[in-house]
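Engineer: Input file: coords.txt. Contents: compact mmCIF, C-alpha atoms.
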# COMPACT_ATOMS: atom_id res chain seq x y z
CA MET A 1 232.84 -179.06 -156.49
CA VAL A 2 230.61 -181.20 -154.22
CA VAL A 3 232.97 -180.62 -151.29
CA ALA A 4 232.91 -176.87 -151.92
CA LEU A 5 229.10 -176.80 -152.04
CA ARG A 6 228.91 -178.80 -148.82
CA GLU A 7 231.41 -176.46 -147.17
CA TRP A 8 229.44 -173.39 -148.23
CA ARG A 9 225.94 -174.76 -147.51
CA ASN A 10 225.62 -173.21 -144.04
CA PRO A 11 227.30 -169.90 -144.97
CA LEU A 12 224.94 -169.51 -147.95
CA LEU A 13 221.92 -170.25 -145.74
CA LEU A 14 223.21 -167.66 -143.29
CA LEU A 15 223.61 -165.13 -146.12
CA LEU A 16 220.04 -165.86 -147.20
CA GLY A 17 218.78 -165.12 -143.69
CA ILE A 18 220.86 -161.93 -143.52
CA GLY A 19 219.64 -160.82 -146.95
CA ILE A 20 215.97 -161.34 -146.10
CA SER A 21 216.34 -159.52 -142.78
CA ASN A 22 218.29 -156.64 -144.35
CA LEU A 23 215.79 -156.22 -147.18
CA GLY A 24 212.94 -156.07 -144.69
CA GLY A 25 214.87 -153.57 -142.58
CA TRP A 26 215.08 -151.08 -145.45
CA ILE A 27 211.37 -151.48 -146.26
CA TYR A 28 210.50 -150.98 -142.58
CA LEU A 29 212.70 -147.89 -142.20
CA ILE A 30 211.20 -146.07 -145.19
CA ALA A 31 207.64 -147.01 -144.24
CA LEU A 32 208.09 -145.89 -140.63
CA ASN A 33 209.55 -142.54 -141.73
CA LEU A 34 206.51 -141.89 -143.95
CA ILE A 35 204.05 -142.89 -141.23
CA VAL A 36 205.61 -140.58 -138.62
CA LEU A 37 205.87 -137.73 -141.14
CA GLU A 38 202.21 -138.19 -142.12
CA TRP A 39 201.12 -138.24 -138.46
CA THR A 40 203.10 -135.20 -137.37
CA GLY A 41 204.19 -133.27 -140.47
CA SER A 42 207.41 -132.65 -138.52
CA PRO A 43 210.92 -133.45 -139.81
CA LEU A 44 212.04 -133.33 -136.16
CA ALA A 45 209.71 -136.21 -135.33
CA VAL A 46 211.40 -138.24 -138.10
CA SER A 47 214.85 -137.21 -136.83
CA ILE A 48 213.97 -138.64 -133.43
CA LEU A 49 213.59 -142.06 -135.09
CA TYR A 50 217.22 -141.84 -136.23
CA MET A 51 218.39 -140.67 -132.81
CA LEU A 52 216.76 -143.67 -131.13
CA LYS A 53 219.20 -146.08 -132.80
CA PRO A 54 222.49 -144.78 -131.30
CA ILE A 55 220.75 -144.11 -127.97
CA ALA A 56 219.53 -147.72 -127.91
CA SER A 57 223.05 -148.87 -128.81
CA ILE A 58 224.50 -146.93 -125.85
CA PHE A 59 221.82 -148.24 -123.50
CA SER A 60 222.28 -151.89 -124.46
CA SER A 61 226.06 -151.91 -124.89
CA PHE A 62 226.72 -151.47 -121.16
CA TRP A 63 225.41 -154.94 -120.38
CA ALA A 64 224.64 -156.81 -123.65
CA GLY A 65 228.15 -158.17 -124.20
CA SER A 66 228.09 -159.97 -120.84
CA TYR A 67 225.03 -161.91 -122.01
CA ILE A 68 226.15 -162.45 -125.60
CA ASP A 69 229.43 -164.16 -124.63
CA ARG A 70 227.64 -166.47 -122.18
CA LEU A 71 224.44 -167.41 -124.02
CA ASN A 72 223.89 -169.78 -126.93
CA LYS A 73 224.40 -167.54 -129.95
CA ARG A 74 222.01 -169.26 -132.36
CA LYS A 75 219.17 -169.41 -129.84
CA LEU A 76 219.72 -165.78 -128.88
CA MET A 77 219.59 -164.70 -132.54
CA ILE A 78 216.40 -166.72 -133.13
CA ASN A 79 214.73 -165.22 -130.07
CA LEU A 80 215.76 -161.71 -131.10
CA ASP A 81 214.37 -162.25 -134.63
CA ILE A 82 211.06 -163.49 -133.19
CA CYS A 83 210.93 -160.60 -130.72
CA ARG A 84 211.64 -158.01 -133.43
CA GLY A 85 209.18 -159.64 -135.83
CA ILE A 86 206.31 -159.60 -133.30
CA LEU A 87 207.00 -156.01 -132.21
CA ILE A 88 207.11 -154.82 -135.83
CA LEU A 89 203.84 -156.63 -136.58
CA ILE A 90 202.28 -154.77 -133.63
CA LEU A 91 203.48 -151.31 -134.78
CA PRO A 92 200.68 -150.64 -137.32
CA PHE A 93 198.09 -151.02 -134.55
CA ILE A 94 199.67 -148.29 -132.41
CA SER A 95 197.95 -144.90 -132.54
CA LYS A 96 200.06 -142.90 -130.09
CA LEU A 97 203.42 -141.52 -131.22
CA TRP A 98 205.17 -141.90 -127.86
CA ILE A 99 204.17 -145.58 -127.67
CA MET A 100 205.52 -146.08 -131.20
CA TYR A 101 208.80 -144.45 -130.19
CA GLY A 102 208.98 -146.79 -127.19
CA ILE A 103 208.47 -149.89 -129.34
CA VAL A 104 210.98 -148.66 -131.94
CA PHE A 105 213.47 -148.07 -129.11
CA VAL A 106 213.07 -151.70 -127.95
CA ILE A 107 213.40 -152.92 -131.56
CA ASN A 108 216.63 -150.92 -131.88
CA ILE A 109 217.97 -152.49 -128.68
CA ALA A 110 217.22 -155.92 -130.15
CA ASP A 111 218.88 -154.85 -133.44
CA SER A 112 222.01 -153.77 -131.58
CA ILE A 113 222.25 -157.01 -129.60
CA PHE A 114 221.56 -159.06 -132.75
CA GLY A 115 224.36 -157.27 -134.61
CA HIS A 116 226.95 -158.02 -131.92
CA THR A 117 225.70 -161.62 -131.53
CA SER A 118 225.69 -162.34 -135.26
CA MET A 119 229.34 -161.23 -135.57
CA VAL A 120 230.32 -163.83 -132.97
CA TYR A 121 228.17 -166.48 -134.67
CA PHE A 122 229.69 -165.74 -138.12
CA THR A 123 233.18 -166.03 -136.69
CA LYS A 124 232.48 -169.41 -135.13
CA LEU A 125 230.61 -170.79 -138.14
CA ILE A 126 232.91 -169.63 -140.96
CA PRO A 127 236.42 -171.15 -141.20
CA LYS A 128 239.21 -168.58 -141.15
CA LYS A 129 240.18 -169.29 -144.76
CA ASN A 130 236.65 -168.42 -145.97
CA ARG A 131 235.95 -165.32 -143.87
CA GLN A 132 237.21 -162.72 -146.33
CA ARG A 133 235.05 -164.10 -149.15
CA PHE A 134 232.06 -164.54 -146.82
CA ASN A 135 232.35 -160.94 -145.65
CA ALA A 136 232.43 -159.78 -149.27
CA LEU A 137 229.28 -161.79 -149.99
CA ARG A 138 227.70 -160.43 -146.83
CA ASN A 139 228.36 -156.91 -148.12
CA PHE A 140 226.71 -157.96 -151.38
CA THR A 141 223.50 -159.06 -149.61
CA SER A 142 223.49 -155.80 -147.64
CA SER A 143 223.88 -153.74 -150.83
CA CYS A 144 221.05 -155.66 -152.50
CA GLY A 145 218.80 -154.73 -149.58
CA PHE A 146 219.98 -151.12 -149.83
CA LEU A 147 219.10 -151.05 -153.54
CA LEU A 148 215.96 -153.23 -153.64
CA GLY A 149 214.42 -152.22 -150.30
CA PRO A 150 213.30 -148.70 -151.32
CA SER A 151 212.01 -150.01 -154.68
CA ILE A 152 209.93 -152.75 -153.04
CA ALA A 153 208.71 -150.28 -150.41
CA GLY A 154 207.55 -147.92 -153.16
CA LEU A 155 205.70 -150.75 -154.91
CA LEU A 156 204.01 -151.77 -151.65
CA PHE A 157 202.94 -148.17 -151.05
CA LEU A 158 201.23 -148.22 -154.48
CA LEU A 159 199.51 -151.54 -153.74
CA GLY A 160 198.54 -150.77 -150.16
CA SER A 161 200.03 -148.53 -147.52
CA PRO A 162 203.21 -148.10 -145.42
CA PHE A 163 201.57 -150.39 -142.85
CA LEU A 164 201.62 -153.24 -145.40
CA ALA A 165 205.36 -152.68 -145.83
CA ILE A 166 205.88 -152.84 -142.06
CA HIS A 167 203.90 -156.09 -141.83
CA LEU A 168 206.09 -157.55 -144.57
CA ASN A 169 209.24 -156.79 -142.57
CA GLY A 170 207.76 -158.54 -139.54
CA VAL A 171 207.16 -161.62 -141.70
CA PHE A 172 210.73 -161.38 -143.09
CA LEU A 173 212.19 -161.42 -139.57
CA LEU A 174 210.14 -164.49 -138.63
CA LEU A 175 211.33 -166.18 -141.84
CA SER A 176 214.93 -165.28 -140.87
CA ALA A 177 214.35 -167.02 -137.53
CA VAL A 178 213.21 -170.17 -139.37
CA ILE A 179 216.40 -170.15 -141.49
CA LEU A 180 218.50 -169.80 -138.32
CA LEU A 181 216.77 -172.90 -136.94
CA ILE A 182 218.29 -174.90 -139.82
CA LEU A 183 221.82 -173.67 -139.08
CA PRO A 184 224.10 -175.51 -136.64
CA ASN A 185 224.74 -174.68 -133.02
CA VAL A 186 228.31 -173.33 -132.93
CA ASP A 187 228.74 -173.17 -129.16
CA ALA A 188 230.78 -175.90 -127.49
CA LYS A 189 228.24 -176.08 -124.70
CA ASN A 190 224.53 -175.68 -125.12
CA ASN A 191 224.61 -172.66 -122.86
CA SER A 192 221.00 -171.63 -123.35
CA GLU A 193 220.69 -170.55 -119.74
CA VAL A 194 222.91 -168.30 -117.72
CA ALA A 195 222.87 -167.01 -114.21
CA SER A 196 221.68 -163.44 -113.77
CA VAL A 197 224.34 -161.02 -114.90
CA SER A 198 225.20 -158.92 -111.90
CA TRP A 199 226.78 -155.49 -111.70
CA GLN A 200 229.94 -157.14 -110.37
CA MET A 201 230.03 -159.44 -113.39
CA ILE A 202 229.61 -156.50 -115.78
CA LYS A 203 232.47 -154.63 -114.06
CA SER A 204 234.61 -157.75 -114.27
CA ASP A 205 233.83 -158.04 -118.01
CA TRP A 206 234.83 -154.43 -118.58
CA LYS A 207 238.13 -155.07 -116.80
CA THR A 208 238.68 -158.12 -119.03
CA VAL A 209 238.21 -156.00 -122.16
CA VAL A 210 240.52 -153.29 -120.78
CA THR A 211 243.17 -155.91 -120.00
CA PHE A 212 242.93 -157.35 -123.52
CA SER A 213 243.10 -153.84 -124.99
CA LYS A 214 246.28 -153.02 -123.06
CA THR A 215 247.99 -156.16 -124.33
CA SER A 216 246.67 -155.79 -127.90
CA MET A 217 247.23 -152.13 -128.66
CA TYR A 218 247.65 -152.63 -132.40
CA ILE A 219 244.28 -154.40 -132.73
CA VAL A 220 242.57 -151.70 -130.67
CA THR A 221 244.27 -148.95 -132.67
CA VAL A 222 242.99 -150.32 -136.00
CA TYR A 223 239.54 -150.86 -134.48
CA LEU A 224 239.31 -147.30 -133.13
CA LEU A 225 240.63 -145.77 -136.36
CA PHE A 226 238.00 -147.60 -138.39
CA SER A 227 235.35 -146.58 -135.85
CA GLY A 228 236.50 -143.01 -136.46
CA VAL A 229 235.83 -143.55 -140.17
CA THR A 230 232.31 -144.79 -139.34
CA VAL A 231 231.63 -141.79 -137.11
CA LEU A 232 232.87 -139.28 -139.70
CA MET A 233 230.95 -140.93 -142.53
CA THR A 234 227.73 -140.90 -140.49
CA ALA A 235 228.15 -137.19 -139.73
CA ILE A 236 228.91 -136.37 -143.38
CA ASP A 237 226.05 -138.55 -144.64
CA SER A 238 223.60 -136.63 -142.47
CA LEU A 239 224.23 -133.60 -144.72
CA GLU A 240 224.42 -135.27 -148.13
CA ALA A 241 220.69 -134.96 -148.89
CA ALA A 242 220.74 -131.27 -147.96
CA LEU A 243 223.81 -130.64 -150.15
CA ALA A 244 222.23 -132.44 -153.09
CA THR A 245 218.81 -130.78 -152.88
CA ASP A 246 219.76 -127.31 -151.58
CA ALA A 247 223.31 -126.46 -152.67
CA LEU A 248 223.18 -128.43 -155.94
CA SER A 249 219.43 -127.92 -156.53
CA PHE A 250 218.76 -131.56 -157.44
CA SER A 251 215.15 -132.72 -157.31
CA GLU A 252 214.06 -135.47 -154.92
CA SER A 253 213.89 -137.94 -157.81
CA GLU A 254 217.41 -136.98 -158.91
CA TYR A 255 218.67 -137.50 -155.38
CA GLY A 256 216.89 -140.85 -155.28
CA LEU A 257 218.76 -141.83 -158.45
CA LEU A 258 222.04 -140.84 -156.76
CA VAL A 259 221.24 -143.20 -153.90
CA SER A 260 220.54 -145.96 -156.43
CA ILE A 261 223.88 -145.27 -158.14
CA ALA A 262 225.55 -145.61 -154.74
CA GLY A 263 223.78 -148.95 -154.28
CA VAL A 264 225.01 -150.16 -157.67
CA GLY A 265 228.55 -149.13 -156.68
CA PHE A 266 228.31 -151.16 -153.50
CA ILE A 267 226.96 -154.19 -155.34
CA ILE A 268 229.69 -154.07 -158.02
CA GLY A 269 232.36 -153.53 -155.35
CA SER A 270 231.05 -156.49 -153.34
CA ILE A 271 230.99 -158.76 -156.41
CA VAL A 272 234.54 -157.81 -157.41
CA ASN A 273 235.59 -158.21 -153.79
CA SER A 274 234.14 -161.72 -153.51
CA VAL A 275 235.87 -162.78 -156.76
CA ILE A 276 239.33 -161.50 -155.76
CA ALA A 277 238.98 -162.27 -152.01
CA ASN A 278 241.59 -165.02 -152.01
CA TRP A 279 244.18 -163.01 -153.95
CA VAL A 280 244.15 -159.57 -152.35
CA LYS A 281 245.79 -159.01 -148.97
CA ASN A 282 243.49 -157.84 -146.22
CA TYR A 283 245.57 -154.80 -145.29
CA TYR A 284 245.19 -153.43 -148.83
CA LEU A 285 241.40 -153.78 -148.56
CA ILE A 286 241.34 -151.74 -145.35
CA GLY A 287 243.90 -149.05 -146.18
CA LEU A 288 243.15 -148.37 -149.82
CA GLY A 289 239.41 -148.94 -149.30
CA VAL A 290 239.20 -146.15 -146.70
CA LEU A 291 241.47 -143.86 -148.72
CA VAL A 292 239.45 -144.17 -151.93
CA THR A 293 236.20 -143.81 -149.96
CA ALA A 294 237.47 -140.45 -148.66
CA ILE A 295 238.35 -139.42 -152.22
CA GLY A 296 234.79 -140.24 -153.24
CA TYR A 297 233.45 -137.96 -150.50
CA LEU A 298 235.75 -135.16 -151.70
CA ILE A 299 234.48 -135.57 -155.27
CA PHE A 300 230.91 -135.24 -154.04
CA ALA A 301 231.70 -132.34 -151.69
CA PHE A 302 233.32 -130.34 -154.54
CA SER A 303 230.79 -131.41 -157.19
CA THR A 304 229.10 -128.71 -159.24
CA ASN A 305 226.97 -130.89 -161.51
CA TYR A 306 225.04 -134.15 -161.48
CA GLY A 307 227.69 -136.23 -163.26
CA MET A 308 230.36 -135.31 -160.73
CA ALA A 309 228.04 -136.04 -157.81
CA ALA A 310 227.12 -139.43 -159.32
CA ILE A 311 230.81 -140.35 -159.71
CA GLY A 312 231.40 -139.38 -156.07
CA PHE A 313 228.50 -141.54 -154.83
CA PHE A 314 229.63 -144.52 -156.92
CA VAL A 315 233.27 -144.27 -155.77
CA ILE A 316 232.25 -143.95 -152.10
CA MET A 317 230.20 -147.13 -152.03
CA PHE A 318 232.43 -149.12 -154.40
CA ALA A 319 235.50 -148.51 -152.19
CA LEU A 320 233.56 -148.87 -148.94
CA SER A 321 232.65 -152.47 -149.80
CA PHE A 322 236.39 -153.31 -149.81
CA ALA A 323 237.09 -151.40 -146.59
CA ASN A 324 234.19 -153.10 -144.76
CA THR A 325 235.25 -156.57 -145.90
CA GLY A 326 238.86 -155.98 -144.87
CA PHE A 327 237.95 -154.59 -141.47
CA MET A 328 235.42 -157.32 -140.63
CA THR A 329 237.95 -160.01 -141.54
CA PHE A 330 240.68 -158.30 -139.47
CA TYR A 331 238.32 -158.07 -136.50
CA GLN A 332 237.19 -161.69 -136.71
CA ASN A 333 240.75 -163.00 -137.04
CA ASN A 334 242.28 -161.01 -134.18
CA VAL A 335 239.71 -160.50 -131.40
CA PRO A 336 239.18 -163.73 -129.38
CA VAL A 337 235.77 -165.11 -130.27
CA ASP A 338 234.83 -165.62 -126.62
CA LEU A 339 235.45 -161.92 -125.99
CA MET A 340 233.82 -160.50 -129.12
CA GLY A 341 230.42 -159.74 -127.63
CA ARG A 342 231.86 -157.72 -124.76
CA PHE A 343 234.56 -156.09 -126.90
CA SER A 344 232.23 -154.80 -129.63
CA SER A 345 229.55 -153.77 -127.13
CA ILE A 346 231.89 -151.71 -124.97
CA PHE A 347 233.67 -150.01 -127.85
CA GLY A 348 230.27 -149.53 -129.48
CA ILE A 349 229.36 -147.16 -126.65
CA VAL A 350 232.25 -144.88 -127.56
CA GLU A 351 231.31 -144.99 -131.24
CA ALA A 352 227.63 -144.22 -130.55
CA PHE A 353 228.50 -141.25 -128.31
CA PHE A 354 230.74 -139.74 -130.99
CA ILE A 355 228.13 -140.35 -133.71
CA ILE A 356 225.52 -138.41 -131.73
CA PHE A 357 227.96 -135.60 -130.88
CA LEU A 358 229.57 -135.19 -134.30
CA THR A 359 226.32 -135.53 -136.27
CA GLY A 360 224.76 -132.83 -134.10
CA ALA A 361 227.85 -130.63 -134.43
CA PHE A 362 227.96 -130.98 -138.24
CA GLY A 363 224.26 -130.13 -138.48
CA LEU A 364 224.59 -127.09 -136.21
CA ILE A 365 227.69 -125.71 -137.99
CA ALA A 366 226.04 -126.27 -141.40
CA GLU A 367 223.01 -124.35 -140.13
CA LEU A 368 225.17 -121.45 -138.91
CA ILE A 369 227.61 -121.29 -141.84
CA ALA A 370 226.83 -123.34 -144.94
CA ILE A 371 226.55 -127.00 -145.91
CA ARG A 372 229.35 -127.26 -148.49
CA PRO A 373 232.24 -125.98 -146.30
CA VAL A 374 231.25 -128.48 -143.60
CA MET A 375 231.09 -131.32 -146.16
CA ILE A 376 234.48 -130.34 -147.60
CA THR A 377 236.08 -130.07 -144.15
CA GLY A 378 234.63 -133.41 -143.05
CA SER A 379 235.85 -135.07 -146.26
CA ILE A 380 239.37 -133.66 -145.84
CA VAL A 381 239.49 -134.92 -142.23
CA LEU A 382 238.32 -138.32 -143.52
CA LEU A 383 241.11 -138.29 -146.12
CA VAL A 384 243.69 -137.52 -143.41
CA LEU A 385 242.26 -140.35 -141.32
CA GLY A 386 242.53 -142.62 -144.36
CA LEU A 387 246.22 -141.74 -144.76
CA ILE A 388 246.79 -142.51 -141.07
CA ILE A 389 245.04 -145.87 -141.44
CA CYS A 390 247.19 -146.68 -144.48
CA SER A 391 250.35 -145.91 -142.50
CA VAL A 392 249.14 -148.22 -139.71
CA VAL A 393 247.84 -151.21 -141.67
CA LEU A 394 250.52 -151.28 -144.40
CA LYS A 395 253.42 -151.62 -141.96
CA SER A 396 255.44 -154.67 -142.95
CA SER A 397 256.15 -155.39 -139.27
CA LYS A 398 252.41 -156.01 -138.65
CA ARG A 399 251.79 -158.62 -141.35
CA GLN A 400 251.04 -161.33 -138.76
CA PHE A 401 247.73 -159.64 -137.95
CA TYR A 402 246.51 -160.13 -141.52
CA LYS A 403 247.51 -163.73 -142.23
CA LEU A 404 244.95 -166.24 -143.43
CA ASP A 405 245.27 -169.98 -143.05
CA LYS A 406 247.91 -171.46 -145.32
CA ASP A 407 245.21 -173.15 -147.44
CA ALA A 408 243.27 -169.94 -147.95
CA ILE A 409 244.93 -169.12 -151.24
CA SER A 410 243.63 -171.34 -153.96
Using structure tokens, write down the structure that the file contains.
Structural biologist:
Amino acid sequence: MVVALREWRNPLLLLLGIGISNLGGWIYLIALNLIVLEWTGSPLAVSILYMLKPIASIFSSFWAGSYIDRLNKRKLMINLDICRGILILILPFISKLWIMYGIVFVINIADSIFGHTSMVYFTKLIPKKNRQRFNALRNFTSSCGFLLGPSIAGLLFLLGSPFLAIHLNGVFLLLSAVILLILPNVDAKNNSEVASVSWQMIKSDWKTVVTFSKTSMYIVTVYLLFSGVTVLMTAIDSLEAALATDALSFSESEYGLLVSIAGVGFIIGSIVNSVIANWVKNYYLIGLGVLVTAIGYLIFAFSTNYGMAAIGFFVIMFALSFANTGFMTFYQNNVPVDLMGRFSSIFGIVEAFFIIFLTGAFGLIAELIAIRPVMITGSIVLLVLGLIICSVVLKSSKRQFYKLDKDAIS
């Protein structure tokens, strides 16, 4: 027991930092949406906030991986937390919308870099035998933020204003930086400084990723298929509120309850996942997780009443927790850790481009035709993609890509 607690001390501290940061992120997102809507009265102005995230991801992904794989990961994460915390604390004092957009864009760049960096840090810190359970627990902390964030934001709005909620997120990020200070340095060398990354170096890094991809086609295939799932889900999700409130005539409070039900599904899925992590094969988590997630979207797309819609939301998030855990573990175990920053950054560009394109296309087609047919079509395509993923990950000839250490099964 003592050995187990000692082994999990750093991972649990890391989860605490992630949980605090994620909770603050949800509070900040809701508060910022309300502030921009109050300033402008324009849904388009709020939509721009959501567009800034994939645009920032595209902008940073061209070069970020070259820095991530060469810098000290813990120090980079601490600096990014401090940078984001200070910028968010400044936001309430900004009175011009375009300046706010500019700061949010920089924050999103820092978020993107932090996400890629943290994946490398997790992989180096967590032993291979514990990664599947850690990823399940990480999903649990994310789902808690998803569920608690809006509730805390609402309470803060009653006590003060959206600006108070934004200040709280800035404090949360600074607290996350303090927790990271306690965690160990996982890099072999204290590479806190690096020579300027040149255009030639970036081109060389891209060639390195391409070379790895050519020699690791199965890994890249699974990665791209799961990215396709992410893209499709994002496009479908962009219409879910409209389907619920317009086509199904749910009130805003009823839709809010649906979102809470989805959060409960994710939490329960993550808890079950963390309990059975050492007994369920990773390829089942990926394949069946994606397949059942698609079924959940179909239930919601065809729903005609509140109960059916609630079941769909619950199934989506319950199954997604398994799919996410399986995919993250597969990624960490198969992509070389010294290449992760560049690999995820470069492939992230492709994913961000498709998210922007497909989300815009879904919205336009729904505007021209109707929301439900687009939702149903998207869900059917997701189901087909899920069947393809199952056929790829459940191949008995590919079991070596899903093996844990021999002492992983207790």
Engineer: Could you state the separation of CA of Pro92 in chain A and CA of Ile166 in chain A in Å, given to one decimal place?
Structural biologist: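 Interatomic distance here is 7.4 Å.
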Engineer: Restricting the calculation to only C-alpha atoms: of A:Leu137, A:Ala242, A:Ile94, A:Ala310, which residue gets closest to Gly269 in chain A?
Structural biologist: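 For Gly269 in chain A, the nearest of the candidates is A:Leu137.
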Engineer: For Ile90 in chain A, which residue out of A:Ile107, A:Thr329, A:Ser321, A:Trp63 is the nearest one, using all atoms listed in the file?
Structural biologist: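 The shortest atom-to-atom distance to Ile90 in chain A comes from A:Ile107.
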Engineer: If you count only C-alpha atoms, which residues fall within 8 Å of range 212-221 of chain A, apart from same-chain ones fewer than 5 positions away, as a PyMOL selection string?
Structural biologist: chain A and resi 331+334-335
Engineer: Just give me the gap between CA of Ser21 in chain A and CA of Phe172 in chain A in Å, one decimal is fine.
Structural biologist: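 Value for the CA of Ser21 in chain A-CA of Phe172 in chain A distance: 5.9 Å.
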Engineer: I'd like to know which of A:Thr230, A:Ser249, A:Thr325, A:Ala110 is closest to Asn273 in chain A, using all atoms listed in the file.
Structural biologist: A:Thr325
Engineer: If you measure from CA of Cys144 in chain A to CA of Gly287 in chain A, what distance in Å do you get, rounded to one decimal?
Structural biologist: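 Interatomic distance here is 24.6 Å.
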Engineer: Got a sec: who's within 9 Å of Leu239 in chain A, counting all atoms listed in the file, leaving out chain neighbours fewer than 5 positions off, as a list in words?
Structural biologist: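 My list of contacting residues is Ala244, Thr359, Phe362, Gly363, Ala366, Ile371, Arg372, Val374 and Met375 of chain A.
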Engineer: Between A:Leu37, A:Leu173, A:Ile346, A:Ile369, which one has atoms that come closest to Ile86 in chain A, using all atoms listed in the file?
Structural biologist: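 Among the listed residues, the smallest separation from Ile86 in chain A belongs to A:Leu173.
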Engineer: Can you work out which one of A:Ala56, A:Val36, A:Val171, A:Ala136 has the shortest atom-to-atom distance to Asn278 in chain A, counting only C-alpha atoms?
Structural biologist: A:Ala136
Engineer: Write out as a list in words which residues come within 12 Å of range 201-209 of chain A when counting all atoms listed in the file, dropping same-chain ones fewer than 5 positions away.
Structural biologist: Ser61, Phe62, Trp63, Ala64, Gly65, Ser66, Tyr67, Ile68, Asp69, Arg70, Ala195, Ser196, Lys214, Thr215, Ser216, Met217, Val220, Val335, Pro336, Asp338, Leu339, Met340, Gly341, Arg342, Phe343, Ser344, Ser345, Ile346 and Phe347 of chain A
Engineer: Would you pick out the contacts of Phe122 in chain A at 12 Å or less, using all atoms listed in the file, so that residues sharing its chain but fewer than 3 positions from it are not included, and give the list as a ChimeraX atom specification?
Structural biologist: /A:10-15,18,73-74,77,114-119,125-128,130-132,134-135,138,180,183-187,328-329,331-333,337,340
Engineer: Find the residue from A:Leu364, A:Val381, A:Ile355, A:Ile27 that sits nearest to Leu155 in chain A; use only C-alpha atoms when measuring.
Structural biologist: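 Among the listed residues, the smallest separation from Leu155 in chain A belongs to A:Ile27.
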Engineer: For Gly289 in chain A, please output as a PDB file with C-alpha atoms, in the coordinates of the input all residues within 12 Å (counting only C-alpha atoms; exclusion window: fewer than 4 positions along the same chain).
Structural biologist:
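And here's around07.pdb as it stands now:
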ATOM      1  CA  PHE A 226     238.000-147.600-138.390  1.00  0.00           C
ATOM      2  CA  VAL A 229     235.830-143.550-140.170  1.00  0.00           C
ATOM      3  CA  GLY A 269     232.360-153.530-155.350  1.00  0.00           C
ATOM      4  CA  SER A 270     231.050-156.490-153.340  1.00  0.00           C
ATOM      5  CA  ASN A 273     235.590-158.210-153.790  1.00  0.00           C
ATOM      6  CA  LYS A 281     245.790-159.010-148.970  1.00  0.00           C
ATOM      7  CA  ASN A 282     243.490-157.840-146.220  1.00  0.00           C
ATOM      8  CA  TYR A 283     245.570-154.800-145.290  1.00  0.00           C
ATOM      9  CA  TYR A 284     245.190-153.430-148.830  1.00  0.00           C
ATOM     10  CA  LEU A 285     241.400-153.780-148.560  1.00  0.00           C
ATOM     11  CA  THR A 293     236.200-143.810-149.960  1.00  0.00           C
ATOM     12  CA  ALA A 294     237.470-140.450-148.660  1.00  0.00           C
ATOM     13  CA  ILE A 295     238.350-139.420-152.220  1.00  0.00           C
ATOM     14  CA  GLY A 296     234.790-140.240-153.240  1.00  0.00           C
ATOM     15  CA  VAL A 315     233.270-144.270-155.770  1.00  0.00           C
ATOM     16  CA  ILE A 316     232.250-143.950-152.100  1.00  0.00           C
ATOM     17  CA  MET A 317     230.200-147.130-152.030  1.00  0.00           C
ATOM     18  CA  PHE A 318     232.430-149.120-154.400  1.00  0.00           C
ATOM     19  CA  ALA A 319     235.500-148.510-152.190  1.00  0.00           C
ATOM     20  CA  LEU A 320     233.560-148.870-148.940  1.00  0.00           C
ATOM     21  CA  SER A 321     232.650-152.470-149.800  1.00  0.00           C
ATOM     22  CA  PHE A 322     236.390-153.310-149.810  1.00  0.00           C
ATOM     23  CA  ALA A 323     237.090-151.400-146.590  1.00  0.00           C
ATOM     24  CA  ASN A 324     234.190-153.100-144.760  1.00  0.00           C
ATOM     25  CA  THR A 325     235.250-156.570-145.900  1.00  0.00           C
ATOM     26  CA  GLY A 326     238.860-155.980-144.870  1.00  0.00           C
ATOM     27  CA  PHE A 327     237.950-154.590-141.470  1.00  0.00           C
ATOM     28  CA  LEU A 383     241.110-138.290-146.120  1.00  0.00           C
ATOM     29  CA  GLY A 386     242.530-142.620-144.360  1.00  0.00           C
ATOM     30  CA  LEU A 387     246.220-141.740-144.760  1.00  0.00           C
ATOM     31  CA  ILE A 389     245.040-145.870-141.440  1.00  0.00           C
ATOM     32  CA  CYS A 390     247.190-146.680-144.480  1.00  0.00           C
ATOM     33  CA  VAL A 393     247.840-151.210-141.670  1.00  0.00           C
TER      34      VAL A 393
END
Engineer: Can you put N, CA and C atoms back into range 82-87 of chain A and show it as a PDB file, in the coordinates of the input?
Structural biologist:
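And here is the file that came out, selection05.pdb:
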ATOM      1  N   ILE A  82     212.486-163.306-133.524  1.00  0.00           N
ATOM      2  CA  ILE A  82     211.060-163.490-133.190  1.00  0.00           C
ATOM      3  C   ILE A  82     210.531-162.257-132.451  1.00  0.00           C
ATOM      4  N   CYS A  83     211.314-161.777-131.488  1.00  0.00           N
ATOM      5  CA  CYS A  83     210.930-160.600-130.720  1.00  0.00           C
ATOM      6  C   CYS A  83     210.748-159.383-131.629  1.00  0.00           C
ATOM      7  N   ARG A  84     211.730-159.153-132.509  1.00  0.00           N
ATOM      8  CA  ARG A  84     211.640-158.010-133.430  1.00  0.00           C
ATOM      9  C   ARG A  84     210.468-158.172-134.388  1.00  0.00           C
ATOM     10  N   GLY A  85     210.276-159.393-134.892  1.00  0.00           N
ATOM     11  CA  GLY A  85     209.180-159.640-135.830  1.00  0.00           C
ATOM     12  C   GLY A  85     207.819-159.355-135.211  1.00  0.00           C
ATOM     13  N   ILE A  86     207.598-159.820-133.981  1.00  0.00           N
ATOM     14  CA  ILE A  86     206.310-159.600-133.300  1.00  0.00           C
ATOM     15  C   ILE A  86     206.093-158.112-133.025  1.00  0.00           C
ATOM     16  N   LEU A  87     207.126-157.441-132.521  1.00  0.00           N
ATOM     17  CA  LEU A  87     207.000-156.010-132.210  1.00  0.00           C
ATOM     18  C   LEU A  87     206.698-155.197-133.467  1.00  0.00           C
TER      19      LEU A  87
END
